[in-house]
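Reviewing the structure listed below.
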Amino acid sequence: MSSQINQPQLRRRHVFYIPGYDPIPARRYRELYRTESQAQAEISGYQVALAPRTGDGPFGWHVSSVQDGVEVQADIEVLVWSDIVQDSMSGSILATYRQLGQTAWTYISTGTLKRLRQLRKGPVIAALYPVGMLQLQLLAAVLVVILAVTLVGWWGLLPGLAMAYGLLRWFRKIDNRLFAYYLMHDYAYSAQFQGEVPGKLQHRLDEFADLIAAALKTDVDEVLVVGHSSGAHLGVSVLADVLRRQTAGGPALSFLTLGQVVPMVSFLPKAQKLRSDLQFLSTQATLTWVDVSAPGDGCSFALCDPVAVSGVAGPAKKWPLVLSAAFTQTLSPERWKALRWKFFRLHFQYLCAFDRPGTYDYFRITAGPLTLAERFKDRAPSNSRIETPVSKHTDTSR
């Protein structure tokens, strides 16, 4: 990439990664980074090597990379909240159906679902999918009971109920293929306090903010915060809290949001803090914020400016720079055909290798010799971005 030769060169980076609602332990992200960085390095002609992270702190790893003739060292730390996710998913089948009713009522009664439908259809369909799938499962269980009573009479009621319960348990057992329970718990977790962050998670975010603030006092060249999926809106609040108490100077501060679903939370009535944080972060001159998504990712609000659509964009708004990962262009036709209908795999493509890489390359951003600001300084925002204010709830007072 000869156009980058005269750019300022970065040698050390500290990356803070915030995953979305995911019950799988953080080591999954290390293994994903290891395998996909090697694949991208072979395609793009650079070198990447991982090593265990030394010192105290949360889970993470160390990356050494040689790109464009420059050796870069990066430490990556992960916000661990998979245990909180697991706890939120541990309820009974009955509790899940209770969550279904409560979550549907929250999104419908507050007008949030109606507003979300004015944005991308994909994530709204993804939100409605677990409702429909769980209702179909319940209907199948009811039909089992009706069939048992029809064949045996009322003597078949108890055996029918037992078979129906067994059927519901079987559906839950195979949810790693259906994702109905997983998605239901995901949306229920965000909706349970109508946009407020649960206390246990807020404590983790506060601790993570302290780590980021401490990194900004070190001699690294860049502190990069990455938020994927629902980790994007968590990252917004974490960085807003850091910047409200951060003095000027120090390393470059960068924020990369990937496959964001911010409107699912920011449109809720009690998300005043998130809306305030979005508004605040969008005006900060000491920050570079790039938001990357792709219309091919049906699980994200692709190319929806999270600040603008939430109705909190002011005249001083600078961020985010909304860009498309353009899956249909950065993945070969063969690769795109293989992944097109694997919706959850596509939602993680931002963290993976592209066989026809464009400007966006996760491993150049996290382990390459340019800061986020330098890498995208000449990029115009996507022409397809959506900036229309849509949210009914725009109050930022807390």
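Chain lettering (A, B, ...) mirrors the order of the structure tokens, residue numbering begins at 1 for each chain separately, and ligand numbering begins at 1 in order of display.
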
**Prompt:** Could you pull out all residues of stretch 34-102 of chain A with a DSSP call of alpha helix (DSSP H) and give them as a PyMOL selection string?
**Reply:** chain A and resi 34-44+82-88+93-102

**Message:** Would you pick out the contacts of stretch 211-221 of chain A at 8 Å or less, using only C-alpha atoms, so that residues sharing its chain but fewer than 6 positions from it are not included, and give the list as number ranges by chain?
**Reply:** A: 10-14, 16, 242, 246, 250-253

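Using only C-alpha atoms, the smallest distance between any of A:Met264, A:Thr112, A:Thr366, A:Gly101 and A:Tyr33 comes from A:Thr366.
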
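Residues in contact range of A:Trp61, defined as at most 7 Å between only C-alpha atoms, with sequence neighbours fewer than 3 positions away removed, read Leu50, Ala51, Pro52, Arg53, Asp75, Ile76 and Glu77 of chain A.
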
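Ranking A:Gly358, A:Gly156, A:Gly69, A:Gly235 by their shortest atom-to-atom distance to A:Ile18, with only C-alpha atoms included, puts A:Gly235 first.
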
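The gap separating atom CA of A:Glu36 from atom CA of A:Val85 is 25.0 Å, in Å to one decimal.
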
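Of the residues in stretch 171-392 of chain A, those given strand (DSSP E) by DSSP on the backbone are Glu222, Val223, Leu224, Val225, Val226, Gly227, His228, Ala252, Leu253, Ser254, Phe255, Leu256, Thr257, Leu258, Leu287, Thr288, Trp289, Val290, Asp291, Val292, Ser293, Leu321, Val322, Leu323 and Ser324 of chain A.
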
Take the residues that were just selected and, keeping C-alpha atoms, output them as a JSON list (two decimals), in the first residue's frame.
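File written: out_1.json
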[["chain", "number", "residue", "atom", "x", "y", "z"],
["A", 222, "GLU", "CA", -3.01, 4.71, 20.03],
["A", 223, "VAL", "CA", -5.74, 3.52, 22.36],
["A", 224, "LEU", "CA", -8.39, 1.81, 20.23],
["A", 225, "VAL", "CA", -11.79, 0.78, 21.59],
["A", 226, "VAL", "CA", -13.76, -1.71, 19.47],
["A", 227, "GLY", "CA", -17.43, -2.45, 20.05],
["A", 228, "HIS", "CA", -19.16, -5.22, 18.10],
["A", 252, "ALA", "CA", -4.55, 9.01, 19.92],
["A", 253, "LEU", "CA", -7.99, 7.83, 21.02],
["A", 254, "SER", "CA", -10.01, 5.84, 18.48],
["A", 255, "PHE", "CA", -13.39, 4.14, 18.50],
["A", 256, "LEU", "CA", -14.46, 1.48, 15.99],
["A", 257, "THR", "CA", -18.04, 0.21, 16.05],
["A", 258, "LEU", "CA", -18.90, -2.89, 14.01],
["A", 287, "LEU", "CA", -11.72, 11.24, 19.32],
["A", 288, "THR", "CA", -11.94, 9.45, 15.98],
["A", 289, "TRP", "CA", -15.09, 7.35, 15.66],
["A", 290, "VAL", "CA", -15.62, 5.10, 12.63],
["A", 291, "ASP", "CA", -18.79, 3.00, 12.32],
["A", 292, "VAL", "CA", -18.56, 0.04, 9.93],
["A", 293, "SER", "CA", -21.48, -2.14, 8.88],
["A", 321, "LEU", "CA", -17.87, 8.34, 10.04],
["A", 322, "VAL", "CA", -20.31, 5.76, 8.66],
["A", 323, "LEU", "CA", -18.71, 3.31, 6.23],
["A", 324, "SER", "CA", -19.78, 0.12, 4.50]]

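Counting only C-alpha atoms and comparing A:Leu158, A:Leu151, A:Leu351, A:Val312, the residue that lies closest to A:Arg28 is A:Leu351.
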
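Counting only C-alpha atoms and comparing A:Val265, A:Leu147, A:Tyr97, A:Arg275, the residue that lies closest to A:Gly132 is A:Tyr97.
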
Please tabulate, as CSV, the residues of stretch 106-223 of chain A that come within 10 Å of stretch 298-311 of chain A, each with its closest pair of atoms and the distance in Å to one decimal, counting only C-alpha atoms and ordering rows by chain, then residue number upward.
residue,atom,partner,partner_atom,distance
A:Arg115,CA,A:Val309,CA,9.9
A:Leu116,CA,A:Phe301,CA,9.3
A:Leu119,CA,A:Phe301,CA,7.3
A:Arg120,CA,A:Phe301,CA,5.8
A:Lys121,CA,A:Gly298,CA,7.9
A:Gly122,CA,A:Gly298,CA,4.3
A:Pro123,CA,A:Cys299,CA,4.7
A:Val124,CA,A:Cys299,CA,8.4
A:Ile125,CA,A:Gly298,CA,8.4
A:Ala126,CA,A:Cys299,CA,6.3
A:Ala127,CA,A:Cys299,CA,8.8

Generate the output file for the selected residues, C-alpha atoms, as a compact mmCIF listing (two decimals), in the first residue's frame.
# COMPACT_ATOMS: atom_id res chain seq x y z
CA ARG A 115 -39.97 3.31 14.71
CA LEU A 116 -37.35 0.61 14.19
CA LEU A 119 -34.87 1.73 9.44
CA ARG A 120 -33.47 -1.57 8.19
CA LYS A 121 -35.81 -4.54 7.83
CA GLY A 122 -33.13 -7.14 8.62
CA PRO A 123 -32.64 -6.50 12.35
CA VAL A 124 -36.40 -6.02 12.85
CA ILE A 125 -37.01 -9.41 11.25
CA ALA A 126 -34.26 -10.80 13.49
CA ALA A 127 -36.06 -9.30 16.49

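If you measure from each of A:Lys200, A:Arg364, A:Arg34, A:Lys342 to A:Asp68 using only C-alpha atoms, the closest one turns out to be A:Arg364.
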
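Closest approach to A:Ala162 among A:Val142, A:Ala209, A:Ala326, A:Ala180: A:Val142, based on only C-alpha atoms.
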
**Item:** Between atom CA of A:Phe348 and atom CA of A:Val197 - distance in Å to one decimal
**Value:** 23.6 Å

**Item:** Who sits within 12 Å of A:Asp277, only C-alpha atoms, same chain under 2 positions skipped, as an MDAnalysis selection string
**Value:** chainID A and resid 233:244 262 266 271:275 279:284 306:307 310 312:313 395:398

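Non-sequential neighbours of A:Leu268 (distance at most 7 Å, separation of 4 or more positions within a chain, only C-alpha atoms) are Thr112, Gln194, Gly195 and His393 of chain A.
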
Pick out the residues sitting within 8 Å of A:Ser37, and hand them over as a PDB file with all heavy atoms, in the first residue's frame; count only C-alpha atoms, and ignore anything fewer than 4 positions along from it in its own chain.
ATOM      1  N   TYR A  33      -9.415 -14.396  16.420  1.00  0.00           N
ATOM      2  CA  TYR A  33      -8.390 -13.449  15.961  1.00  0.00           C
ATOM      3  C   TYR A  33      -7.181 -14.214  15.407  1.00  0.00           C
ATOM      4  O   TYR A  33      -6.630 -13.849  14.363  1.00  0.00           O
ATOM      5  CB  TYR A  33      -7.960 -12.552  17.118  1.00  0.00           C
ATOM      6  CG  TYR A  33      -7.166 -11.327  16.679  1.00  0.00           C
ATOM      7  CD1 TYR A  33      -7.781 -10.087  16.599  1.00  0.00           C
ATOM      8  CD2 TYR A  33      -5.812 -11.410  16.363  1.00  0.00           C
ATOM      9  CE1 TYR A  33      -7.069  -8.960  16.198  1.00  0.00           C
ATOM     10  CE2 TYR A  33      -5.092 -10.303  15.954  1.00  0.00           C
ATOM     11  CZ  TYR A  33      -5.724  -9.076  15.874  1.00  0.00           C
ATOM     12  OH  TYR A  33      -5.017  -7.971  15.478  1.00  0.00           O
ATOM     13  N   ALA A  41      -3.500 -12.377   6.715  1.00  0.00           N
ATOM     14  CA  ALA A  41      -2.081 -12.102   6.454  1.00  0.00           C
ATOM     15  C   ALA A  41      -1.608 -12.809   5.185  1.00  0.00           C
ATOM     16  O   ALA A  41      -0.852 -12.243   4.384  1.00  0.00           O
ATOM     17  CB  ALA A  41      -1.243 -12.540   7.652  1.00  0.00           C
ATOM     18  N   VAL A  48       1.473 -11.612  11.039  1.00  0.00           N
ATOM     19  CA  VAL A  48       0.802 -11.437  12.331  1.00  0.00           C
ATOM     20  C   VAL A  48       1.112 -12.649  13.197  1.00  0.00           C
ATOM     21  O   VAL A  48       1.020 -13.788  12.734  1.00  0.00           O
ATOM     22  CB  VAL A  48      -0.727 -11.299  12.182  1.00  0.00           C
ATOM     23  CG1 VAL A  48      -1.390 -11.150  13.552  1.00  0.00           C
ATOM     24  CG2 VAL A  48      -1.099 -10.111  11.305  1.00  0.00           C
ATOM     25  N   CYS A 352     -13.301 -10.987  10.763  1.00  0.00           N
ATOM     26  CA  CYS A 352     -12.732 -12.105  10.008  1.00  0.00           C
ATOM     27  C   CYS A 352     -12.001 -11.615   8.750  1.00  0.00           C
ATOM     28  O   CYS A 352     -11.990 -10.441   8.432  1.00  0.00           O
ATOM     29  CB  CYS A 352     -13.845 -13.079   9.617  1.00  0.00           C
ATOM     30  SG  CYS A 352     -14.694 -13.819  11.041  1.00  0.00           S
ATOM     31  N   ALA A 353     -11.403 -12.566   8.068  1.00  0.00           N
ATOM     32  CA  ALA A 353     -10.636 -12.263   6.860  1.00  0.00           C
ATOM     33  C   ALA A 353     -11.566 -12.047   5.670  1.00  0.00           C
ATOM     34  O   ALA A 353     -12.620 -12.677   5.559  1.00  0.00           O
ATOM     35  CB  ALA A 353      -9.664 -13.397   6.563  1.00  0.00           C
ATOM     36  N   PHE A 363      -7.530  -6.416  10.838  1.00  0.00           N
ATOM     37  CA  PHE A 363      -6.197  -6.711  11.356  1.00  0.00           C
ATOM     38  C   PHE A 363      -5.196  -5.612  11.009  1.00  0.00           C
ATOM     39  O   PHE A 363      -4.206  -5.440  11.718  1.00  0.00           O
ATOM     40  CB  PHE A 363      -5.756  -8.090  10.862  1.00  0.00           C
ATOM     41  CG  PHE A 363      -6.798  -9.139  11.159  1.00  0.00           C
ATOM     42  CD1 PHE A 363      -7.641  -9.612  10.164  1.00  0.00           C
ATOM     43  CD2 PHE A 363      -6.985  -9.581  12.458  1.00  0.00           C
ATOM     44  CE1 PHE A 363      -8.633 -10.531  10.459  1.00  0.00           C
ATOM     45  CE2 PHE A 363      -7.980 -10.507  12.767  1.00  0.00           C
ATOM     46  CZ  PHE A 363      -8.802 -10.975  11.762  1.00  0.00           C
TER      47      PHE A 363
END

**Message:** Just want the 9 Å neighbourhood of A:Phe179, counted on only C-alpha atoms, with same-chain residues fewer than 5 positions away dropped. Output as a ChimeraX atom specification.
**Reply:** /A:130,174,184

**Item:** Separation of atom CA of A:Met163 from atom CA of A:Val144 in Å
**Value:** 7.1 Å
